[in-house]
Structures are given as structure tokens and as C-alpha cells.
Amino acid sequence: MGDSTQFVIAGNWKMNGMLEESLSFVDNLTENPAPNAVEMAIMPPYTLLHSLSKPLAEKGVVLGAQSMYFEKSGAFTGSISPLMLRDAGCHYVILGHSERRDIMHEGNALLRKKLDAAWENGLEPMFCIGEHLEEREAGTTNEVLKNQLSVLAGTDVSLPLTVAYEPVWAIGTGKTASPEQVSETHAFVHQELARLGRKCRVLYGGSVNAGNAESLMACEGVDGALVGGASLKADSFMEIVAAAARVAA
Ligand code: 13P
């Protein structure tokens, strides 16, 4: 777990998944072809965390959640705490996903509280950053990413962190960033993280599928994928894992 593997292939199920179909998903997962090189992770909705925790662990898949609130417990109707995620067997928690930033208006100040709460409770944040199309077209991508990463300033660099670069215009659109855009942007993200004293994995996300995973994983500075739609079916998820294993070989 953590930095021991070369790639992480993480499935963000978003608001998808019922109990029965998700148990069949786990049943249909085949063996990880390169467990020492590729870590598999699944982030189902909260309602499935407890039920999937054991079956996923038996298949060598790490469990994560898609979000959380920053308090441990209390009068916060509708919220889930980091302690509850630990109790359900989570290792990762996605924070800063563009859907949370844009739809739920989560900004830097709130995200810093959530990052700190994740670390205080032994979770590894999978911290998402990414620019909108207008920002890329206006040439402000690096500025946007730098601002999103500035939330990490002053945090303890020994605490575990995975970053996911997900250009918003590539999410759910079938449009992926080109290998040149991916390499260039990942180089910038790694450089910015280094400036903040961090060396960590940077995953790519945005319309990753079985057909494009190998070329994306082969890009310089890419340490895995955060996969939405293509992670909902065991066969396409495993094909992406296999693509990462080929690149790692
Ligand atoms: P898609 O793979 O469906 O584009 O979603 C990407 C994503 O948002 C993963 O967090």
C-alpha cells in the first residue's frame, strides 16, 4: 500500500452502485497481474463501504471513500466523518474532486480542514486538482493548479498523500488530455509539489478507459489513474490494471 507500488489504479464510482451489483463486481475481479507494481483501489459510495470492505480486501483491493466532513462526530446531519471511514476499512479518501468543488462549492479553506482531518485520523488523501476548459484555453492552467496545490503549504510532508490531476474538461466527456498535455502538466505538478517539500504520486484522471490507459500510463510523471465510468465494470477496470502492469514491466 502507499508508495510501495509504481502505479495506483483507483476506481471512483461516484453516485453509482447498488449492493447486489457491487458484490458481483467484486466477484468478477480477476487476479491483479502485477501486485508488486500496481495497486488496485475502489471508492464506492458510502452505503457500500462496510459491505465491500472485506470482499475487496480478499481480492487485494484497497478501499477508499469519495469525500467526508472534517469533524470526528456530532450534530452534522448527513455528514460522514473520517473516523467512520476508518471504521469501514478505508485507506484513501478523495478530497477536492472537481464535482465537489463545482457542485458543492468546496474551496481551499474547507479542503485544508478536510486534509488535516484525514491525516489526523490515519487516512491517505487522494487530493484532486484540475483546470476548466476556459482556464486551459486562457493559458492559466498552471496558475489554477498552483492555487489548488497551495492548500498543502505548511502541512507535514511525512504524511501520506496521493495527488490526482483531472482536467475538468476531460471528466466524463470521452476526451482525454493528449500525451503531451499530460506529460507537461504532470511535470509542472511534480515541480510544484517539490517546491512544497513533497514527493508523491500524481495520478491522471479524465475519461481513462481500456483503450487509452496504456498510452496515458506511459507518459512521464504519471503514477496511475483515477477512473470514473470505466471503473464500474470489473472487466474494463481489470483491463486498465493490465495496461498499467504492461507499462510497469
Ligand atoms: P471519468 O473516468 O468518467 O471521466 O471520470 C473521471 C473522474 O472524475 C474520476 O474521479
# chains A, B, ... in the order shown; residues from 1 in each chain; ligands from 1
>>> select_by_dssp(residues="range 35-80 of chain A", states="alpha helix (DSSP H)", output="VMD selection string")
chain A and resid 49 to 58
>>> residues_near_ligand(ligand="ligand 1", cutoff="10 Å", atoms="only C-alpha atoms and all ligand atoms", output="PyMOL selection string")
chain A and resi 10-14+43+66+94+96-99+126+128+164-176+204-209+225-232
>>> atom_distance(atom1="CA of Leu83 in chain A", atom2="CA of Ala41 in chain A")
19.3 Å
>>> residues_around(residues="Val26 in chain A", least_positions_apart="2", cutoff="8 Å", atoms="only C-alpha atoms", output="PyMOL selection string")
chain A and resi 22-24+28-29+52+55-56+59+234
>>> select_by_dssp(residues="range 64-125 of chain A", states="strand (DSSP E)", output="list in words")
Gly64, Ala65, Tyr92, Val93, Ile94, Leu95, Glu124 and Pro125 of chain A
>>> residues_around(residues="range 135-143 of chain A", least_positions_apart="5", cutoff="9 Å", atoms="only C-alpha atoms", output="number ranges by chain")
A: 130, 148, 167, 185, 188-189
>>> write_last_selection(atoms="N, CA, C and O atoms", output="PDB file, in the first residue's frame")
ATOM      1  N   GLY A 130      -7.404  20.267 -10.924  1.00  0.00           N
ATOM      2  CA  GLY A 130      -7.635  20.267 -12.372  1.00  0.00           C
ATOM      3  C   GLY A 130      -8.258  21.569 -12.826  1.00  0.00           C
ATOM      4  O   GLY A 130      -8.967  22.224 -12.054  1.00  0.00           O
ATOM      5  N   GLN A 148      -4.579  25.571  -6.373  1.00  0.00           N
ATOM      6  CA  GLN A 148      -5.212  24.408  -5.721  1.00  0.00           C
ATOM      7  C   GLN A 148      -4.203  23.679  -4.832  1.00  0.00           C
ATOM      8  O   GLN A 148      -4.539  23.215  -3.744  1.00  0.00           O
ATOM      9  N   PRO A 167      -8.115  17.059 -15.474  1.00  0.00           N
ATOM     10  CA  PRO A 167      -8.622  18.233 -16.186  1.00  0.00           C
ATOM     11  C   PRO A 167     -10.151  18.132 -16.276  1.00  0.00           C
ATOM     12  O   PRO A 167     -10.680  17.103 -16.714  1.00  0.00           O
ATOM     13  N   THR A 185       1.848  18.765 -17.967  1.00  0.00           N
ATOM     14  CA  THR A 185       1.147  19.193 -16.759  1.00  0.00           C
ATOM     15  C   THR A 185       1.630  18.399 -15.544  1.00  0.00           C
ATOM     16  O   THR A 185       1.800  18.968 -14.460  1.00  0.00           O
ATOM     17  N   PHE A 188       4.762  19.850 -14.294  1.00  0.00           N
ATOM     18  CA  PHE A 188       4.513  21.063 -13.507  1.00  0.00           C
ATOM     19  C   PHE A 188       4.021  20.703 -12.100  1.00  0.00           C
ATOM     20  O   PHE A 188       4.465  21.276 -11.108  1.00  0.00           O
ATOM     21  N   VAL A 189       3.105  19.743 -12.017  1.00  0.00           N
ATOM     22  CA  VAL A 189       2.536  19.363 -10.710  1.00  0.00           C
ATOM     23  C   VAL A 189       3.636  18.786  -9.799  1.00  0.00           C
ATOM     24  O   VAL A 189       3.745  19.161  -8.629  1.00  0.00           O
TER      25      VAL A 189
END
>>> atom_distance(atom1="CA of Met84 in chain A", atom2="CA of Pro44 in chain A")
14.5 Å
>>> atom_distance(atom1="CA of His91 in chain A", atom2="CA of Ile103 in chain A")
25.1 Å
>>> closest_residue(among="A:Gly211, A:Lys114, A:Leu95, A:Ala177", to="Val241 in chain A", atoms="only C-alpha atoms")
A:Gly211
>>> closest_residue(among="A:Asn121, A:Ser150, A:Asn36, A:Ser79", to="Ala244 in chain A", atoms="only C-alpha atoms")
A:Asn36
>>> closest_residue(among="A:Cys90, A:Phe76, A:Ala65, A:Ala118", to="Ser53 in chain A", atoms="only C-alpha atoms")
A:Cys90
>>> residues_around(residues="Trp119 in chain A", least_positions_apart="2", cutoff="10 Å", atoms="only C-alpha atoms", output="short mmCIF file (atom, residue, chain, number, x, y, z; two decimals) with N, CA, C and O atoms, in the first residue's frame")
data_model
loop_
_atom_site.label_atom_id
_atom_site.label_comp_id
_atom_site.auth_asym_id
_atom_site.auth_seq_id
_atom_site.Cartn_x
_atom_site.Cartn_y
_atom_site.Cartn_z
N PRO A 82 -14.18 11.23 9.24
CA PRO A 82 -13.00 10.41 8.95
C PRO A 82 -12.94 9.16 9.82
O PRO A 82 -12.50 8.10 9.35
N LYS A 114 -10.31 19.50 5.71
CA LYS A 114 -10.55 18.09 5.42
C LYS A 114 -9.24 17.31 5.30
O LYS A 114 -9.13 16.18 5.77
N LEU A 115 -8.24 17.92 4.66
CA LEU A 115 -6.93 17.26 4.56
C LEU A 115 -6.37 16.99 5.96
O LEU A 115 -5.93 15.88 6.26
N ASP A 116 -6.41 18.02 6.80
CA ASP A 116 -5.87 17.86 8.15
C ASP A 116 -6.63 16.77 8.91
O ASP A 116 -6.04 15.97 9.62
N ALA A 117 -7.96 16.76 8.75
CA ALA A 117 -8.78 15.76 9.45
C ALA A 117 -8.48 14.35 8.93
O ALA A 117 -8.44 13.39 9.71
N ASN A 121 -6.71 11.33 11.29
CA ASN A 121 -7.43 10.07 11.53
C ASN A 121 -6.87 8.90 10.73
O ASN A 121 -7.54 7.88 10.56
N GLY A 122 -5.67 9.06 10.22
CA GLY A 122 -4.98 7.94 9.58
C GLY A 122 -5.45 7.59 8.19
O GLY A 122 -5.22 6.46 7.72
N LEU A 123 -6.07 8.54 7.49
CA LEU A 123 -6.47 8.29 6.10
C LEU A 123 -5.46 8.93 5.15
O LEU A 123 -4.83 9.93 5.49
N GLU A 124 -5.32 8.36 3.97
CA GLU A 124 -4.46 8.97 2.95
C GLU A 124 -5.32 9.75 1.97
O GLU A 124 -6.13 9.15 1.26
N PRO A 125 -5.18 11.07 1.92
CA PRO A 125 -5.98 11.84 0.97
C PRO A 125 -5.54 11.55 -0.47
O PRO A 125 -4.34 11.42 -0.74
N THR A 155 1.86 21.85 5.46
CA THR A 155 1.41 20.56 6.02
C THR A 155 2.63 19.66 6.22
O THR A 155 3.67 19.87 5.58
N ASP A 156 2.50 18.70 7.08
CA ASP A 156 3.60 17.79 7.40
C ASP A 156 3.89 16.88 6.20
O ASP A 156 3.05 16.05 5.83
N LEU A 159 3.42 12.99 6.01
CA LEU A 159 2.10 12.33 5.99
C LEU A 159 1.75 11.88 4.58
O LEU A 159 2.10 12.55 3.60
N PRO A 160 1.07 10.73 4.46
CA PRO A 160 0.85 10.14 3.13
C PRO A 160 -0.10 10.98 2.28
O PRO A 160 -1.10 11.51 2.77
N LEU A 161 0.22 11.07 1.00
CA LEU A 161 -0.60 11.86 0.08
C LEU A 161 -0.46 11.30 -1.32
O LEU A 161 0.63 10.92 -1.75
#
